[in-house]
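Novice: First the structure, which I've put down as structure tokens, then a few questions once you've had a look.
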Amino acid sequence: ALVRCLRSPACPRDLVERLTGCHWARSLRRVVPLLVRHPGCPQSFAMDALPRLGWHDLLLVVRDPRTHPVVRRQGEKRLLDRLKQLTDGERTALARHATRGIVAALLADDSPACVQARLDNAHFTEPDAVRLVAANRHGEGVAAVVRHPRWGAARAVVDAALRSPALPFGVALGLLAALPRARLAALAGSSELPALLREPAMRLFERRQ
């Protein structure tokens, strides 16, 4: 009943203030994160509780628009500090719903599963996709970006992917074949294109000529 009450937008501020002073309420694992997320939660209680929350509860605190901005920023900082301690599966789950600051920090994680999880995140942007493709060492991760219906249609992302040595050769040929003739000509004569792709790009251009 208490959890339902705390989840309600109508939960009164004075109830939250009273609960934060109750030892029995402070000991309930399901209750503490909800208290922290309430706009009426005293900041002293929230700051004391943040280090004890799990990564998922921290994410909910950071994502909840009701959370006080100071608490939200501190929660995001705590979550960023824990990234290296999370398992691959936990980072992948986090990437699906991460906030903007956490998405930027996760760009360093180039595992294919984590890359795939980020692509539909509302805070993931085209510049993120370009940086991810340029720095990723895993062909599966690069291919996942260019196969995405949104990012695979972005010119900057496609150009970055074609310059990536990690992009699988077959995927690269498919991208080249879909390019307009002018872009194909520019890439075929560019030293930024991997040597393995220059000859196929030139042949495709000549065939269109």
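Here, A, B, ... name the chains of the structure tokens in the order displayed, residue numbers run from 1 inside each chain, and ligands are numbered from 1 in the same displayed order.
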Mind checking which residues fall within 12 Å of Gly40 of chain A, counting only C-alpha atoms, ignoring those fewer than 2 positions away in the same chain, and posting them as a PyMOL selection string?

Specialist: chain A and resi 6+9-20+34-38+42-46+66-68+71

Novice: Among segment 48-184 of chain A, which residues does DSSP mark as helix (DSSP H, G or I) when it is run on the backbone? Keep the chain and numbering as in the structure and answer as a count of residues only.

Specialist: 99

Novice: Find the residues near Ala195 of chain A: any atom within 10 Å, counting only C-alpha atoms, skip ones fewer than 6 places away on the same chain, and give them as a list of chain:residue names.

Specialist: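 In the requested format, the answer is A:Arg163, A:Pro165, A:Ala188.
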
Novice: Restricted to all heavy atoms, what would the selected residues look like written as a PDB file, in the first residue's frame?

Specialist:
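Once written, part-v4.pdb looks like this:
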ATOM      1  N   ARG A 163      34.669   4.421 -44.061  1.00  0.00           N
ATOM      2  CA  ARG A 163      36.069   4.682 -43.720  1.00  0.00           C
ATOM      3  C   ARG A 163      36.580   3.773 -42.608  1.00  0.00           C
ATOM      4  O   ARG A 163      37.774   3.741 -42.337  1.00  0.00           O
ATOM      5  CB  ARG A 163      36.238   6.147 -43.299  1.00  0.00           C
ATOM      6  CG  ARG A 163      36.041   7.149 -44.423  1.00  0.00           C
ATOM      7  CD  ARG A 163      36.524   8.528 -44.027  1.00  0.00           C
ATOM      8  NE  ARG A 163      35.712   9.107 -42.980  1.00  0.00           N
ATOM      9  CZ  ARG A 163      34.663   9.908 -43.194  1.00  0.00           C
ATOM     10  NH1 ARG A 163      34.304  10.207 -44.448  1.00  0.00           N
ATOM     11  NH2 ARG A 163      33.969  10.413 -42.189  1.00  0.00           N
ATOM     12  N   PRO A 165      37.833   0.495 -40.884  1.00  0.00           N
ATOM     13  CA  PRO A 165      38.415  -0.801 -41.264  1.00  0.00           C
ATOM     14  C   PRO A 165      37.671  -1.988 -40.649  1.00  0.00           C
ATOM     15  O   PRO A 165      37.870  -3.125 -41.070  1.00  0.00           O
ATOM     16  CB  PRO A 165      39.846  -0.713 -40.729  1.00  0.00           C
ATOM     17  CG  PRO A 165      39.799   0.303 -39.639  1.00  0.00           C
ATOM     18  CD  PRO A 165      38.744   1.288 -40.030  1.00  0.00           C
ATOM     19  N   ALA A 188      35.578   7.152 -54.241  1.00  0.00           N
ATOM     20  CA  ALA A 188      36.514   6.310 -55.001  1.00  0.00           C
ATOM     21  C   ALA A 188      37.878   6.968 -55.127  1.00  0.00           C
ATOM     22  O   ALA A 188      38.906   6.284 -55.151  1.00  0.00           O
ATOM     23  CB  ALA A 188      35.940   6.013 -56.389  1.00  0.00           C
TER      24      ALA A 188
END

Novice: Taking a cut-off of 8 Å and counting only C-alpha atoms, can you build a table that, for each residue of segment 148-199 of chain A near segment 120-139 of chain A, reports the nearest atom pair and how far apart they are in Å (one decimal), sorted by chain then residue number, as a Markdown table?

Specialist:
| residue | atom | partner | partner_atom | distance |
| --- | --- | --- | --- | --- |
| A:Trp151 | CA | A:Glu126 | CA | 6.9 |
| A:Ala154 | CA | A:Glu126 | CA | 7.6 |
| A:Ala156 | CA | A:Val130 | CA | 6.6 |
| A:Val157 | CA | A:Val130 | CA | 5.0 |
| A:Ala160 | CA | A:Ala134 | CA | 5.9 |
| A:Ala161 | CA | A:Val133 | CA | 5.7 |
| A:Arg163 | CA | A:Ala134 | CA | 7.6 |
| A:Ser164 | CA | A:Ala134 | CA | 5.9 |
| A:Ala166 | CA | A:Gly139 | CA | 4.7 |
| A:Leu167 | CA | A:Gly139 | CA | 4.9 |
| A:Pro168 | CA | A:Gly139 | CA | 5.7 |

Novice: With a distance cut-off of 12 Å and only C-alpha atoms, select the neighbouring residues of Ala182 of chain A, excluding the residue or stretch itself and same-chain residues fewer than 5 positions from it, and output the selection as a ChimeraX atom specification.

Specialist: /A:176,187-189,201-202,204-206,208-209

Novice: Write a file of the selected residues as an mmCIF file, in the first residue's frame, keeping N, CA, C and O atoms.

Specialist:
data_model
loop_
_atom_site.group_PDB
_atom_site.id
_atom_site.type_symbol
_atom_site.label_atom_id
_atom_site.label_comp_id
_atom_site.auth_asym_id
_atom_site.auth_seq_id
_atom_site.Cartn_x
_atom_site.Cartn_y
_atom_site.Cartn_z
ATOM 1 N N LEU A 176 28.238 0.879 -50.808
ATOM 2 C CA LEU A 176 28.758 1.520 -52.019
ATOM 3 C C LEU A 176 27.744 1.454 -53.157
ATOM 4 O O LEU A 176 27.537 2.426 -53.884
ATOM 5 N N LEU A 187 34.198 9.301 -53.133
ATOM 6 C CA LEU A 187 34.803 8.304 -52.258
ATOM 7 C C LEU A 187 35.851 7.467 -52.989
ATOM 8 O O LEU A 187 36.876 7.109 -52.422
ATOM 9 N N ALA A 188 35.578 7.152 -54.241
ATOM 10 C CA ALA A 188 36.514 6.310 -55.001
ATOM 11 C C ALA A 188 37.878 6.968 -55.127
ATOM 12 O O ALA A 188 38.906 6.284 -55.151
ATOM 13 N N GLY A 189 37.913 8.266 -55.199
ATOM 14 C CA GLY A 189 39.187 8.963 -55.333
ATOM 15 C C GLY A 189 39.740 9.458 -54.016
ATOM 16 O O GLY A 189 40.731 10.202 -54.001
ATOM 17 N N ALA A 201 34.883 0.494 -55.538
ATOM 18 C CA ALA A 201 34.181 1.768 -55.688
ATOM 19 C C ALA A 201 34.408 2.342 -57.076
ATOM 20 O O ALA A 201 33.473 2.852 -57.718
ATOM 21 N N MET A 202 35.646 2.245 -57.572
ATOM 22 C CA MET A 202 35.954 2.763 -58.906
ATOM 23 C C MET A 202 35.227 1.971 -59.985
ATOM 24 O O MET A 202 34.703 2.534 -60.955
ATOM 25 N N LEU A 204 32.393 0.330 -59.671
ATOM 26 C CA LEU A 204 30.974 0.694 -59.624
ATOM 27 C C LEU A 204 30.721 2.037 -60.303
ATOM 28 O O LEU A 204 29.761 2.198 -61.064
ATOM 29 N N PHE A 205 31.633 2.981 -60.069
ATOM 30 C CA PHE A 205 31.494 4.294 -60.699
ATOM 31 C C PHE A 205 31.608 4.196 -62.219
ATOM 32 O O PHE A 205 30.807 4.780 -62.949
ATOM 33 N N GLU A 206 32.600 3.445 -62.673
ATOM 34 C CA GLU A 206 32.795 3.292 -64.125
ATOM 35 C C GLU A 206 31.605 2.593 -64.760
ATOM 36 O O GLU A 206 31.208 2.925 -65.888
ATOM 37 N N ARG A 208 28.544 2.809 -63.817
ATOM 38 C CA ARG A 208 27.453 3.779 -63.926
ATOM 39 C C ARG A 208 27.708 4.817 -65.002
ATOM 40 O O ARG A 208 26.788 5.362 -65.575
ATOM 41 N N GLN A 209 28.985 5.087 -65.282
ATOM 42 C CA GLN A 209 29.320 5.998 -66.352
ATOM 43 C C GLN A 209 28.823 5.439 -67.701
ATOM 44 O O GLN A 209 28.425 6.189 -68.583
#

Novice: Might you pull out every residue within 9 Å of Asp88 of chain A, with only C-alpha atoms counted and same-chain residues fewer than 5 positions away left off, and present them as an mmCIF file with N, CA and C atoms, in the first residue's frame?

Specialist:
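As a result, result_15.cif now contains:
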data_model
loop_
_atom_site.group_PDB
_atom_site.id
_atom_site.type_symbol
_atom_site.label_atom_id
_atom_site.label_comp_id
_atom_site.auth_asym_id
_atom_site.auth_seq_id
_atom_site.Cartn_x
_atom_site.Cartn_y
_atom_site.Cartn_z
ATOM 1 N N ALA A 93 21.594 -3.390 -20.716
ATOM 2 C CA ALA A 93 20.266 -3.011 -20.228
ATOM 3 C C ALA A 93 20.210 -1.517 -19.925
ATOM 4 N N SER A 111 31.013 -3.118 -27.448
ATOM 5 C CA SER A 111 30.490 -4.469 -27.623
ATOM 6 C C SER A 111 29.226 -4.414 -28.484
ATOM 7 N N ALA A 113 26.396 -5.974 -28.506
ATOM 8 C CA ALA A 113 25.104 -5.970 -27.797
ATOM 9 C C ALA A 113 24.802 -4.591 -27.222
ATOM 10 N N CYS A 114 25.815 -3.940 -26.656
ATOM 11 C CA CYS A 114 25.614 -2.614 -26.076
ATOM 12 C C CYS A 114 25.359 -1.588 -27.177
#

Novice: Give me, as a ChimeraX atom specification, all polymer residues having an atom no more than 10 Å from Leu175 of chain A, counting only C-alpha atoms and skipping those fewer than 2 positions away in the same chain.

Specialist: /A:146-147,152,158-159,161-162,169-173,177-179,184

Novice: Would you save the residues from that selection as a compact mmCIF listing (two decimals), in the first residue's frame, using N, CA, C and O atoms?

Specialist:
# COMPACT_ATOMS: atom_id res chain seq x y z
N VAL A 146 24.81 0.77 -39.31
CA VAL A 146 24.43 1.09 -40.69
C VAL A 146 23.18 0.31 -41.13
O VAL A 146 22.53 0.71 -42.10
N ARG A 147 22.84 -0.75 -40.43
CA ARG A 147 21.61 -1.48 -40.75
C ARG A 147 20.39 -0.88 -40.06
O ARG A 147 19.26 -1.27 -40.36
N GLY A 152 21.31 4.29 -40.47
CA GLY A 152 21.84 3.80 -41.73
C GLY A 152 21.48 4.68 -42.91
O GLY A 152 22.07 4.55 -43.99
N VAL A 158 27.03 6.85 -42.82
CA VAL A 158 27.46 5.96 -43.90
C VAL A 158 28.90 6.26 -44.30
O VAL A 158 29.72 5.35 -44.48
N ASP A 159 29.25 7.55 -44.43
CA ASP A 159 30.62 7.91 -44.81
C ASP A 159 31.62 7.45 -43.75
O ASP A 159 32.69 6.94 -44.08
N ALA A 161 31.19 4.95 -41.68
CA ALA A 161 31.24 3.49 -41.71
C ALA A 161 32.13 2.99 -42.84
O ALA A 161 32.91 2.05 -42.68
N LEU A 162 32.04 3.63 -44.01
CA LEU A 162 32.87 3.21 -45.16
C LEU A 162 34.35 3.47 -44.91
O LEU A 162 35.21 2.78 -45.47
N PHE A 169 33.32 -6.53 -45.22
CA PHE A 169 33.48 -6.22 -46.64
C PHE A 169 32.15 -6.29 -47.40
O PHE A 169 31.83 -5.42 -48.22
N GLY A 170 31.36 -7.31 -47.11
CA GLY A 170 30.08 -7.46 -47.80
C GLY A 170 29.13 -6.31 -47.51
O GLY A 170 28.42 -5.84 -48.40
N VAL A 171 29.11 -5.86 -46.26
CA VAL A 171 28.25 -4.73 -45.88
C VAL A 171 28.74 -3.46 -46.59
O VAL A 171 27.94 -2.65 -47.07
N ALA A 172 30.06 -3.30 -46.66
CA ALA A 172 30.63 -2.12 -47.32
C ALA A 172 30.24 -2.08 -48.80
O ALA A 172 29.88 -1.03 -49.33
N LEU A 173 30.29 -3.23 -49.47
CA LEU A 173 29.91 -3.28 -50.89
C LEU A 173 28.44 -2.88 -51.07
O LEU A 173 28.09 -2.19 -52.03
N ALA A 177 27.11 0.30 -53.31
CA ALA A 177 26.16 0.12 -54.41
C ALA A 177 24.95 1.03 -54.28
O ALA A 177 24.31 1.36 -55.28
N ALA A 178 24.64 1.45 -53.06
CA ALA A 178 23.46 2.28 -52.84
C ALA A 178 23.76 3.78 -52.94
O ALA A 178 22.83 4.59 -52.88
N LEU A 179 25.02 4.15 -53.10
CA LEU A 179 25.39 5.56 -53.12
C LEU A 179 25.05 6.22 -54.46
O LEU A 179 25.16 5.58 -55.51
N LEU A 184 29.77 8.45 -54.89
CA LEU A 184 30.61 7.30 -55.22
C LEU A 184 31.93 7.76 -55.85
O LEU A 184 33.01 7.27 -55.51

Novice: Between atom CA of Pro39 of chain A and atom CA of Glu90 of chain A, what distance in Å does the model show, to one decimal?

Specialist: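 Pair atom CA of Pro39 of chain A / atom CA of Glu90 of chain A returns 27.7 Å.
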
Novice: Nearest residue to Arg52 of chain A out of A:Ala117, A:Val142, A:Val103, A:Leu79, using only C-alpha atoms?

Specialist: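 Checking each candidate against Arg52 of chain A, we get A:Leu79 as the closest.
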